[in-house]
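Structure, as structure tokens:
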Amino acid sequence: MSDTRPDDLPVDAPVGQLPPQDWMQAASTQAVIAALTADGSEPRFVGGCVRDAVLGRPIRDIDIATHSPPERVMELLHAAGIRAIPTGIAHGTITAVIGKAHFEITTLRCDVETFGRHARVEFTDDWTADAARRDFTINAMFCRPDGMIYDPFDGLADLGAGRVRFVGNAMRRIDEDVLRLLRYFRFQAHYGRPPADIDALAACRAQAPKLATLSGERCCGEMMKLLQAPDPAAALLLMRGERVLAHLLPEAGDFGRLRVMVFLETRGLVRPGITVDPLRRLAAMLRDNADEAAAVASRLKLSNRNADRLVAMSTPREGLDAAMETSAARRLLYRIGAPLFRDLVLLAWAGRRASGLPVRTRETEHWTGLLDLADAWRPATLPVHGQDLIDLGVSTGPQIGRYLADMEHWWEDGDYRADRAEALAHLKTLTEAGG
């Protein structure tokens, strides 16, 4: 398939053809296409599914463009017995649902006036006009159901060169929606290779102060997707160099630890429970400072659960290093649980490797041993409780808590081996001695 357009080729002419694609031949896809072509219309796949199909990457979302107005799309889907949801009918978007498969179908349109995320649109039958409103050239390609590719803005050439380039004027495209600034670096992380497009960088640098106008949720969504890239540090360093990151994550700076974390998650370790984790990668970039982590969580509007986890991962833990003894590790496991313990081990290990100090075989064995300990850990529960103290004649009140705290320390010192009978015997001794 050619990745360049001859100068004399019409804009709306195919430039190549995809080989057969499983996602295009799937029964659900075929059913949607059959419904949309029932009145003679010509739908085309568009955007990410075309881009990723060209690269041979997995297809996650299937977007379709069509001449048909949204009301007609609804009629065609209903006539075919396909569930149709008017998810954005004012802007021409209908979602078709077949089982677990979702297809976003959008009528060709051009943006008359933009308002950040929103725009006043007019429907059109001009494929190039529709492509012109899209953000990047690599997202502005169409593909017919027979695999023929249309590429009005040379996205194929950019994709082959690892070049992320705005459609049209980069400054104007960001001005239309500032989120495109973050999307640029996200796509650079996933699809780009150096050198980055100078026009795009200049526009991002100039428009960076406008990031303050975006909601934390929108910024968070882009950052989490960026952090899932094979090498997010490269794009983040580019953001820092262009004075963009300072407007979003001024606390981020430990890119060495981030790179080691990426290595451990993807190549250094092959074990259950360790996969690409954008929140853990975010923690790797931050200093071990709970207050800074809380500020980041608040700015990005993380969910309560993710905010608590980020703060917990950024809270310094004394003794968690390459010399941590098994008994101390068990005590920490008991207090914080295996998932957080695993996170902290990976962060400490990544920090140690990123420090530049020589890596010794025994250290590696020790770190993996701590991970083994977390994998084998089963939550332990103190075998006595408050009712046992009441049965022994202790009055309800603060002293119940003090006795249980003493018991917990005794149980930890015994490496959680004491069973209920042994714990009851010790509890009785405590109460008889008055604590």
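All residue names refer to the structure tokens as shown: chains lettered A, B, ... in order, residues numbered from 1 in each chain, ligands numbered from 1 in order.
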
Fill in: Residues flagged alpha helix (DSSP H) by DSSP in region 171-275 of chain A, as a PyMOL selection string
chain A and resi 171-176+179-191+198-207+216-227+232-241+255-263

Discussion item. Let's see if you can do this: from backbone DSSP, list all strand (DSSP E or B) residues in region 115-300 of chain A, as a ChimeraX atom specification.
Written reply: /A:115,118-123,136,142-143,148-150,166

Discussion item. Using only C-alpha atoms, which protein or nucleic acid residues come within 9 Å of Leu300 (chain A)? Drop anything in the same chain fewer than 6 positions from it, and give the result as number ranges by chain.
Written reply: A: 215-221, 248

Taking N, CA and C atoms for each residue, export the selection above as an mmCIF file, in the first residue's frame.
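What landed in part-v3.cif:
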data_model
loop_
_atom_site.group_PDB
_atom_site.id
_atom_site.type_symbol
_atom_site.label_atom_id
_atom_site.label_comp_id
_atom_site.auth_asym_id
_atom_site.auth_seq_id
_atom_site.Cartn_x
_atom_site.Cartn_y
_atom_site.Cartn_z
ATOM 1 N N SER A 215 -10.927 21.480 32.592
ATOM 2 C CA SER A 215 -11.307 20.781 33.826
ATOM 3 C C SER A 215 -10.254 19.737 34.177
ATOM 4 N N GLY A 216 -10.138 19.466 35.461
ATOM 5 C CA GLY A 216 -9.196 18.450 35.909
ATOM 6 C C GLY A 216 -9.501 17.089 35.322
ATOM 7 N N GLU A 217 -10.806 16.791 35.154
ATOM 8 C CA GLU A 217 -11.179 15.487 34.612
ATOM 9 C C GLU A 217 -10.658 15.300 33.189
ATOM 10 N N ARG A 218 -10.764 16.359 32.359
ATOM 11 C CA ARG A 218 -10.304 16.239 30.971
ATOM 12 C C ARG A 218 -8.785 16.093 30.923
ATOM 13 N N CYS A 219 -8.091 16.867 31.743
ATOM 14 C CA CYS A 219 -6.623 16.751 31.803
ATOM 15 C C CYS A 219 -6.220 15.367 32.282
ATOM 16 N N CYS A 220 -6.913 14.870 33.284
ATOM 17 C CA CYS A 220 -6.591 13.556 33.835
ATOM 18 C C CYS A 220 -6.756 12.472 32.781
ATOM 19 N N GLY A 221 -7.845 12.536 32.025
ATOM 20 C CA GLY A 221 -8.082 11.517 31.007
ATOM 21 C C GLY A 221 -6.943 11.441 30.010
ATOM 22 N N LEU A 248 0.685 21.975 34.227
ATOM 23 C CA LEU A 248 -0.200 20.865 34.568
ATOM 24 C C LEU A 248 0.326 20.052 35.746
#

Worksheet item: Could you name the residues that touch Val50 (chain A) at 7 Å or less, counting only C-alpha atoms, but leaving out those on the same chain fewer than 6 positions away, as a ChimeraX atom specification?
Response: /A:141-143

Fill in: Shell around region 311-322 of chain A at 7 Å using only C-alpha atoms, local window under 2 positions removed, as number ranges by chain
A: 283, 287-290, 293-294, 307-309, 324, 343-344, 348, 363, 366-367

Worksheet entry | Long-range neighbours of Arg183 (chain A) as JSON, numbers by chain, 10 Å cut-off, only C-alpha atoms, 2 positions minimum in chain | {"A": [135, 136, 174, 178, 179, 180, 181, 185, 186, 187, 188, 189, 219, 221, 222, 223, 225, 226]}
